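*Asks:* Sharing run_28.txt here; it has compact mmCIF, C-alpha atoms and all ligand atoms.
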```txt
# COMPACT_ATOMS: atom_id res chain seq x y z
CA MET A 1 0.00 0.00 0.00
CA GLY A 2 2.98 2.24 0.45
CA GLU A 3 1.36 4.39 3.10
CA GLY A 4 2.79 2.89 6.25
CA ILE A 5 -0.51 1.77 7.73
CA GLY A 6 -0.80 -1.87 8.66
CA ILE A 7 -4.33 -3.19 8.23
CA ASP A 8 -5.47 -5.72 10.83
CA LYS A 9 -8.96 -6.37 9.54
CA LYS A 10 -10.93 -5.67 6.37
CA ILE A 11 -14.66 -5.59 5.77
CA ASN A 12 -16.51 -5.17 2.50
CA ILE A 13 -19.91 -3.57 3.03
CA LYS A 14 -20.66 -2.74 -0.59
CA GLY A 15 -24.37 -2.99 -1.28
CA LEU A 16 -25.36 -2.04 2.26
CA VAL A 17 -27.10 1.21 3.19
CA CYS A 18 -27.39 3.12 6.47
CA PRO A 19 -27.75 2.20 9.26
CA TYR A 20 -26.44 -1.32 8.45
CA THR A 21 -23.20 0.13 7.09
CA PHE A 22 -22.46 1.54 10.54
CA VAL A 23 -23.83 -1.53 12.34
CA LYS A 24 -21.33 -3.72 10.45
CA ALA A 25 -18.47 -1.27 10.93
CA LYS A 26 -19.16 -0.85 14.64
CA LEU A 27 -19.38 -4.60 15.27
CA ALA A 28 -16.08 -5.07 13.42
CA VAL A 29 -14.41 -2.47 15.64
CA GLU A 30 -15.86 -4.07 18.80
CA ASP A 31 -14.17 -7.36 17.90
CA MET A 32 -10.73 -5.70 17.53
CA GLU A 33 -8.08 -4.76 20.07
CA VAL A 34 -7.28 -1.14 20.86
CA GLY A 35 -4.58 0.04 18.43
CA GLN A 36 -5.67 -2.25 15.60
CA VAL A 37 -6.66 -0.84 12.23
CA LEU A 38 -9.81 -1.59 10.21
CA GLU A 39 -10.23 -1.10 6.47
CA ILE A 40 -13.79 -0.61 5.21
CA LEU A 41 -14.79 -0.86 1.56
CA LEU A 42 -18.19 0.65 0.73
CA ASP A 43 -20.23 2.06 -2.13
CA TYR A 44 -22.94 4.01 -0.30
CA GLU A 45 -21.95 7.65 -0.60
CA GLU A 46 -23.70 8.85 2.56
CA ALA A 47 -21.83 6.24 4.62
CA SER A 48 -18.49 7.61 3.39
CA ARG A 49 -19.36 10.72 5.42
CA SER A 50 -21.50 9.29 8.24
CA ILE A 51 -19.22 6.40 9.24
CA PRO A 52 -16.13 8.59 9.81
CA LYS A 53 -18.22 11.08 11.79
CA SER A 54 -19.84 8.35 13.91
CA MET A 55 -16.51 6.61 14.50
CA GLU A 56 -15.04 9.87 15.78
CA ASP A 57 -18.11 10.43 17.98
CA HIS A 58 -17.46 6.98 19.48
CA GLY A 59 -13.83 7.93 20.14
CA GLN A 60 -12.13 6.06 17.27
CA LYS A 61 -9.49 7.58 14.97
CA VAL A 62 -10.23 8.05 11.26
CA LEU A 63 -6.92 7.65 9.42
CA LYS A 64 -8.13 7.82 5.84
CA VAL A 65 -11.22 8.45 3.71
CA GLU A 66 -10.59 8.00 -0.01
CA LYS A 67 -12.66 7.55 -3.13
CA ILE A 68 -10.93 4.75 -4.97
CA ASN A 69 -13.04 4.57 -8.14
CA ASP A 70 -16.38 5.74 -9.59
CA THR A 71 -18.43 3.82 -7.08
CA ASP A 72 -16.33 2.87 -4.08
CA TRP A 73 -14.78 4.42 -0.99
CA ARG A 74 -12.09 3.09 1.31
CA LEU A 75 -12.02 4.09 4.98
CA VAL A 76 -9.21 3.33 7.41
CA ILE A 77 -10.08 3.48 11.11
CA ARG A 78 -7.87 2.86 14.13
CA LYS A 79 -9.51 1.58 17.30
CA GLU A 80 -8.62 3.99 20.12
CA LYS A 81 -11.01 2.82 22.84
CA GLU A 82 -13.33 -0.03 23.83
CA MET B 1 -22.43 -15.27 20.03
CA ASP B 2 -22.74 -14.01 16.46
CA PHE B 3 -25.80 -12.10 15.37
CA THR B 4 -27.91 -13.41 12.52
CA GLU B 5 -28.64 -11.01 9.68
CA ASP B 6 -32.20 -10.73 11.00
CA GLN B 7 -30.89 -9.79 14.44
CA LEU B 8 -28.57 -7.15 12.95
CA GLN B 9 -31.58 -5.56 11.33
CA ARG B 10 -33.94 -6.01 14.28
CA TYR B 11 -31.50 -4.52 16.81
CA SER B 12 -29.68 -2.05 14.52
CA ARG B 13 -31.07 0.99 16.36
CA HIS B 14 -29.64 -0.42 19.59
CA ILE B 15 -26.31 -1.51 18.18
CA ILE B 16 -25.48 1.92 16.75
CA LEU B 17 -25.82 3.52 20.20
CA PRO B 18 -22.44 3.90 21.96
CA GLU B 19 -24.05 2.79 25.26
CA VAL B 20 -25.34 -0.45 23.72
CA GLY B 21 -23.38 -1.74 20.74
CA GLY B 22 -23.08 -5.44 19.98
CA LYS B 23 -21.88 -6.08 23.52
CA GLY B 24 -24.92 -4.48 25.12
CA GLN B 25 -27.29 -6.24 22.74
CA ARG B 26 -25.72 -9.58 23.67
CA LYS B 27 -26.29 -8.71 27.35
CA LEU B 28 -29.95 -8.01 26.59
CA LEU B 29 -30.31 -11.32 24.74
CA LYS B 30 -28.83 -13.18 27.70
CA ALA B 31 -30.83 -11.31 30.36
CA LYS B 32 -33.64 -12.84 32.40
CA VAL B 33 -36.34 -10.55 33.75
CA PHE B 34 -39.28 -11.60 35.93
CA ILE B 35 -42.45 -9.50 35.70
CA ILE B 36 -45.13 -9.63 38.41
CA GLY B 37 -48.49 -9.13 36.72
CA ALA B 38 -49.63 -9.13 33.09
CA GLY B 39 -51.90 -6.12 33.53
CA GLY B 40 -51.60 -2.38 32.93
CA LEU B 41 -47.90 -2.21 33.78
CA GLY B 42 -46.81 -5.75 32.92
CA CYS B 43 -48.11 -5.37 29.35
CA PRO B 44 -45.97 -2.38 28.29
CA VAL B 45 -42.95 -3.54 30.32
CA GLY B 46 -43.06 -6.99 28.74
CA TYR B 47 -43.83 -5.59 25.30
CA TYR B 48 -40.81 -3.24 25.26
CA LEU B 49 -38.49 -5.78 26.86
CA ALA B 50 -39.55 -8.32 24.24
CA ALA B 51 -38.95 -5.75 21.50
CA ALA B 52 -35.52 -5.01 23.01
CA GLY B 53 -34.58 -8.67 22.78
CA VAL B 54 -34.47 -9.49 26.49
CA GLY B 55 -33.88 -13.21 26.09
CA THR B 56 -36.03 -14.63 28.89
CA ILE B 57 -39.13 -12.96 30.27
CA GLY B 58 -40.83 -14.66 33.20
CA MET B 59 -44.35 -13.49 33.93
CA ILE B 60 -46.86 -14.43 36.61
CA ASP B 61 -50.58 -13.63 36.64
CA ASN B 62 -53.65 -15.60 37.58
CA ASP B 63 -56.35 -13.58 35.79
CA THR B 64 -58.15 -13.92 32.49
CA VAL B 65 -58.56 -11.15 29.94
CA GLU B 66 -61.72 -9.11 30.46
CA LEU B 67 -63.19 -6.44 28.26
CA SER B 68 -62.58 -3.78 30.93
CA ASN B 69 -58.82 -4.53 30.75
CA LEU B 70 -58.46 -3.52 27.12
CA GLN B 71 -58.63 0.24 27.76
CA ARG B 72 -55.01 -0.01 29.00
CA GLN B 73 -53.60 -3.56 28.93
CA ILE B 74 -52.13 -3.42 25.45
CA ALA B 75 -50.71 -6.92 25.17
CA HIS B 76 -54.25 -8.32 25.20
CA SER B 77 -56.95 -7.87 22.59
CA THR B 78 -60.58 -8.41 21.75
CA LYS B 79 -59.51 -11.72 20.24
CA THR B 80 -58.01 -12.94 23.53
CA LEU B 81 -61.02 -12.15 25.76
CA GLY B 82 -61.53 -15.00 28.22
CA MET B 83 -58.02 -16.35 27.65
CA SER B 84 -55.56 -16.33 30.54
CA LYS B 85 -53.57 -13.10 30.59
CA ILE B 86 -50.41 -15.19 30.58
CA ASP B 87 -51.27 -17.03 27.34
CA SER B 88 -52.48 -13.80 25.76
CA ALA B 89 -49.34 -11.82 26.66
CA LYS B 90 -47.00 -14.68 25.74
CA ALA B 91 -48.55 -14.92 22.27
CA THR B 92 -48.22 -11.15 21.79
CA PHE B 93 -44.59 -10.95 22.91
CA GLU B 94 -43.45 -14.00 20.97
CA ALA B 95 -45.21 -12.73 17.85
CA LEU B 96 -43.32 -9.45 18.23
CA ASN B 97 -39.96 -11.13 18.70
CA PRO B 98 -39.21 -14.84 18.26
CA ASP B 99 -35.81 -14.34 19.96
CA VAL B 100 -37.62 -14.01 23.28
CA LYS B 101 -38.61 -16.94 25.49
CA VAL B 102 -41.64 -16.13 27.64
CA VAL B 103 -42.02 -18.29 30.72
CA GLY B 104 -45.63 -17.85 31.79
CA ILE B 105 -46.92 -18.83 35.22
CA LYS B 106 -50.67 -18.97 35.81
CA GLU B 107 -50.63 -18.69 39.58
CA ARG B 108 -50.99 -16.08 42.27
CA ILE B 109 -47.71 -14.82 43.60
CA SER B 110 -47.38 -15.56 47.31
CA LYS B 111 -44.90 -15.75 50.14
CA ASP B 112 -44.65 -19.47 49.50
CA ASN B 113 -43.64 -19.32 45.82
CA ILE B 114 -42.02 -15.96 45.09
CA LEU B 115 -38.46 -16.77 46.18
CA ASP B 116 -38.49 -19.91 44.09
CA PHE B 117 -39.78 -18.04 41.02
CA ILE B 118 -37.31 -15.14 41.13
CA LYS B 119 -34.17 -17.07 41.99
CA ASP B 120 -33.25 -17.80 38.36
CA TYR B 121 -33.80 -14.21 37.16
CA ASP B 122 -31.49 -11.19 37.08
CA ILE B 123 -34.07 -8.46 37.67
CA VAL B 124 -37.65 -8.31 38.98
CA VAL B 125 -40.33 -5.87 37.80
CA ASP B 126 -43.34 -5.17 39.97
CA GLY B 127 -46.43 -4.42 37.94
CA SER B 128 -48.89 -5.50 40.60
CA ASP B 129 -51.93 -3.45 41.55
CA ASN B 130 -52.17 -3.85 45.32
CA PHE B 131 -50.21 -3.13 48.48
CA PRO B 132 -49.86 -6.65 49.87
CA THR B 133 -48.16 -7.80 46.66
CA ARG B 134 -45.99 -4.67 46.50
CA TYR B 135 -44.66 -5.29 50.04
CA LEU B 136 -44.26 -9.01 49.37
CA VAL B 137 -42.23 -8.34 46.22
CA ASN B 138 -40.11 -5.70 47.97
CA ASP B 139 -39.27 -7.92 50.91
CA ALA B 140 -38.57 -10.93 48.68
CA CYS B 141 -36.23 -8.93 46.44
CA VAL B 142 -34.34 -7.48 49.43
CA ILE B 143 -34.00 -10.96 50.98
CA ALA B 144 -32.96 -12.53 47.64
CA LYS B 145 -30.79 -9.49 46.70
CA LYS B 146 -32.52 -9.03 43.33
CA PRO B 147 -32.78 -5.57 41.75
CA LEU B 148 -36.43 -4.50 41.60
CA VAL B 149 -38.08 -1.93 39.37
CA SER B 150 -41.33 -1.00 41.04
CA GLY B 151 -44.19 0.89 39.42
CA ALA B 152 -47.59 2.05 40.60
CA ILE B 153 -50.46 3.89 38.96
CA LEU B 154 -53.62 5.55 40.16
CA LYS B 155 -55.96 7.85 38.27
CA PHE B 156 -53.69 10.47 36.70
CA GLU B 157 -50.56 9.66 38.65
CA GLY B 158 -47.69 7.22 38.33
CA HIS B 159 -44.76 6.25 40.57
CA VAL B 160 -41.52 4.55 39.61
CA THR B 161 -38.58 3.58 41.80
CA THR B 162 -35.64 1.21 41.40
CA ILE B 163 -34.48 -0.82 44.38
CA VAL B 164 -30.95 -2.20 44.27
CA PRO B 165 -30.51 -4.26 47.45
CA GLY B 166 -27.33 -3.41 49.31
CA GLU B 167 -26.88 -0.17 47.36
CA GLY B 168 -29.97 1.96 47.89
CA HIS B 169 -33.33 2.31 49.55
CA CYS B 170 -36.18 -0.20 49.51
CA TYR B 171 -39.94 0.27 49.41
CA ARG B 172 -40.16 0.03 53.21
CA CYS B 173 -37.56 2.81 53.60
CA LEU B 174 -40.13 4.89 51.74
CA PHE B 175 -43.35 3.62 53.36
CA GLU B 176 -42.49 1.37 56.27
CA GLU B 177 -45.93 -0.18 56.70
CA MET B 178 -48.80 -0.83 54.37
CA PRO B 179 -51.53 1.80 54.58
CA PRO B 180 -54.63 0.57 56.43
CA PRO B 181 -56.97 -1.19 53.98
CA GLY B 182 -59.89 1.22 54.44
CA LEU B 183 -57.85 4.25 53.38
CA VAL B 184 -56.55 3.10 50.02
CA PRO B 185 -58.73 2.20 47.10
CA SER B 186 -57.22 -0.71 45.22
CA CYS B 187 -56.47 -0.02 41.59
CA GLN B 188 -59.12 -2.52 40.74
CA GLU B 189 -61.69 -0.17 42.24
CA ALA B 190 -60.14 3.06 41.06
CA GLY B 191 -60.05 4.70 37.68
CA VAL B 192 -56.94 5.23 35.61
CA ILE B 193 -56.31 6.91 32.28
CA GLY B 194 -55.26 4.20 29.83
CA ALA B 195 -51.98 5.77 28.75
CA ILE B 196 -50.68 6.23 32.33
CA PRO B 197 -49.56 2.61 32.68
CA GLY B 198 -47.97 3.06 29.24
CA VAL B 199 -45.84 5.94 30.54
CA VAL B 200 -44.97 4.22 33.82
CA GLY B 201 -44.39 0.81 32.22
CA SER B 202 -42.11 2.38 29.60
CA LEU B 203 -40.10 4.08 32.35
CA GLN B 204 -39.82 0.73 34.14
CA ALA B 205 -38.68 -0.98 30.92
CA ILE B 206 -35.94 1.63 30.44
CA GLU B 207 -34.79 1.19 34.05
CA VAL B 208 -34.52 -2.55 33.39
CA VAL B 209 -32.56 -1.99 30.17
CA LYS B 210 -30.13 0.36 31.98
CA LEU B 211 -29.63 -2.18 34.77
CA ILE B 212 -28.85 -4.87 32.18
CA LEU B 213 -26.45 -2.62 30.25
CA GLY B 214 -24.89 -1.13 33.39
CA LYS B 215 -25.31 2.34 31.88
CA GLY B 216 -26.76 5.58 33.18
CA ASP B 217 -28.31 6.30 36.57
CA VAL B 218 -31.29 4.31 37.75
CA LEU B 219 -33.89 5.57 40.25
CA LYS B 220 -31.85 4.38 43.23
CA ASN B 221 -32.74 6.30 46.42
CA THR B 222 -35.28 8.15 44.31
CA LEU B 223 -39.03 8.05 43.76
CA LEU B 224 -40.18 9.49 40.44
CA ILE B 225 -43.72 10.84 40.46
CA TYR B 226 -45.50 11.56 37.19
CA ASP B 227 -48.51 13.86 37.35
CA ALA B 228 -50.33 13.54 34.05
CA LEU B 229 -52.82 16.35 34.72
CA LYS B 230 -50.02 18.85 35.26
CA THR B 231 -47.59 17.05 32.94
CA THR B 232 -44.84 17.13 35.56
CA PHE B 233 -42.21 14.72 36.76
CA ARG B 234 -40.96 15.14 40.33
CA ARG B 235 -37.99 13.33 41.82
CA ILE B 236 -38.20 12.70 45.56
CA LYS B 237 -35.00 11.75 47.40
CA VAL B 238 -35.47 8.56 49.42
CA PRO B 239 -32.53 7.90 51.72
CA LYS B 240 -31.92 4.36 52.82
CA ASN B 241 -33.34 4.05 56.35
CA PRO B 242 -30.80 2.43 58.69
CA ASP B 243 -33.75 1.33 60.86
CA CYS B 244 -35.72 -0.13 57.94
CA PRO B 245 -37.37 -3.38 59.09
CA VAL B 246 -36.20 -5.28 55.99
CA CYS B 247 -33.07 -3.60 54.57
CA GLY B 248 -31.80 -1.76 57.68
CA ASN B 249 -28.86 -2.61 59.90
CA ASN B 250 -30.87 -4.84 62.22
CA PRO B 251 -33.74 -6.14 60.11
CA THR B 252 -36.76 -7.58 61.90
CA ILE B 253 -38.23 -9.00 58.68
CA THR B 254 -35.91 -11.82 57.70
CA GLU B 255 -38.52 -14.09 56.20
CA LEU B 256 -41.70 -13.39 54.27
CA LEU B 257 -44.85 -12.48 56.17
CA ASP B 258 -48.57 -13.01 55.75
CA TYR B 259 -49.21 -9.91 53.68
CA GLU B 260 -52.88 -10.54 53.05
CA ALA B 261 -53.93 -10.23 56.71
CA GLY B 262 -56.49 -7.44 56.91
CA TYR B 263 -56.54 -7.11 53.14
CA CYS B 264 -59.28 -9.60 52.44
CA ALA B 265 -61.06 -7.03 50.26
CA VAL B 266 -58.20 -7.16 47.76
CA ARG B 267 -58.16 -10.14 45.49
ZN ZN A 301 -35.55 -0.50 53.33
```
Now that the file is in, can you turn its structure into structure tokens?
Ligand SMILES: [Zn+2]

*Replies:*
Amino acid sequence: MGEGIGIDKKINIKGLVCPYTFVKAKLAVEDMEVGQVLEILLDYEEASRSIPKSMEDHGQKVLKVEKINDTDWRLVIRKEKE
Amino acid sequence: MDFTEDQLQRYSRHIILPEVGGKGQRKLLKAKVFIIGAGGLGCPVGYYLAAAGVGTIGMIDNDTVELSNLQRQIAHSTKTLGMSKIDSAKATFEALNPDVKVVGIKERISKDNILDFIKDYDIVVDGSDNFPTRYLVNDACVIAKKPLVSGAILKFEGHVTTIVPGEGHCYRCLFEEMPPPGLVPSCQEAGVIGAIPGVVGSLQAIEVVKLILGKGDVLKNTLLIYDALKTTFRRIKVPKNPDCPVCGNNPTITELLDYEAGYCAVR
């Protein structure tokens, strides 16, 4: 990846809409250890904005939000707290 | 325990809350709550706890559904008239949420059976409509060290309090003795606006959910009084009474009493 971020877990939530996008992302974070990094692949535009905001509200660190092609986004989140 | 896709959808509005999440929802699914009464309060409490996915709901009531119940007892219906309230409520809750196991008991609660019924449950909810039962349930929960969410309704008023044995007050710290029978109308004789038990039962259900999640502040050492005519909520401080006959330092009530004595008018 050439960006110096190790990914510990990946989820693909393409095809899902809110609130299930966040439900899946939140459950993935709950199953991780503090300090681990989650990569989320999604194609629901609203979730590319709402998931980072919600993760920050819950105390997690958003490392990256990028549009990777015409339809998809990639988010990178680090778990900061239980 | 992994959630099924149906459960993710059913509980999504819980799971996205920071105070609940998957962990909290799993606690709800594992929780066991015992509800005294399937009437005005027991119906909304059981309904919302079933909706929330509380895994095991025990419920005791010895009555059958009557037409006069339907103005407020929302788990029953015109179709279940004449059926036992337990069978009626169980069918309603299980139709709402198949994740929930309803353990129905068609008996009267008494000093001889209550400790045996509540021993396998985490939390007790009192939705009874008379003083002897309210004191029986209080004393049993203090003796068995079970958290109790107590509710009461009359006319346009509702009371809610949460008793956590060893941590806060109990019902006898608040009112040490039952009022004399002649002075208090039983709820069965008195009127009540149908939505009042809905308000009070919903408050009780939320207290139960908070106890299960271990989040927020419950009504410990506090009596909440809802006045529907004025639309006010008042919080009354209720300190634990060190001389309380059941939860005090030197309790005189160490086993359950004959609560019905002098209350023969109350069924
Ligand atoms: Zn007491």

*Asks:* Give the residues of chain B that lie within 9 Å of chain A; count all atoms listed in the file, and format the answer as a list in words.

*Replies:*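 On the chain B side, the interface is Leu8, Gln9, Ser12, Arg13, Ile15, Ile16, Pro18, Gly21, Gly22 and Lys23 of chain B.
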
*Asks:* When the cut-off is 7 Å and you count all atoms listed in the file, which residues lie near ligand ZN 301 (chain A), shown as an MDAnalysis selection string?

*Replies:* chainID B and resid 169:173 240:241 244:248

*Asks:* Could you work out how far CA of Leu17 (chain B) lies from CA of Ile13 (chain A), giving the answer in Å with one decimal?

*Replies:* 19.5 Å

*Asks:* Do you know which residues are at most 9 Å from Glu46 (chain A) counting only C-alpha atoms, after dropping those on the same chain fewer than 3 positions away, and could you put them as a list in words?

*Replies:*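 Neighbouring residues, sequence-local ones excluded: Val17, Cys18, Asp43, Arg49, Ser50 and Ile51 of chain A.
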
*Asks:* So which residues fall inside 10 Å of (-40.8, 8.0, 43.3) if we count only C-alpha atoms? Mind giving them as a list in words?

*Replies:*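 Every residue inside that radius is included here: Ser150, Gly151, Ala152, Gly158, His159, Val160, Thr161, Thr162, Tyr171, Leu174, Leu219, Lys220, Asn221, Thr222, Leu223, Leu224, Ile225, Tyr226, Phe233, Arg234, Arg235, Ile236, Lys237 and Val238 of chain B.
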
*Asks:* If you count only C-alpha atoms, which residues fall within 9 Å of Glu19 (chain B), apart from same-chain ones fewer than 4 positions away, as a VMD selection string?

*Replies:* chain B and resid 14 to 15 24 213 215 to 216

*Asks:* Kindly give the distance, in Å, that separates CA of Leu41 (chain B) and CA of Leu96 (chain B), rounded to a single decimal.

*Replies:* 17.8 Å

*Asks:* If you count only C-alpha atoms, which residues fall within 6 Å of Ile40 (chain A), apart from same-chain ones fewer than 3 positions away, as a list in words?

*Replies:* Lys10, Ile11, Asn12, Arg74 and Leu75 of chain A

*Asks:* Which polymer residues have any atom within 8 Å of an atom of Tyr11 (chain B), counting only C-alpha atoms, with same-chain residues fewer than 6 positions away left out, as a PyMOL selection string?

*Replies:* chain B and resi 25+52-53
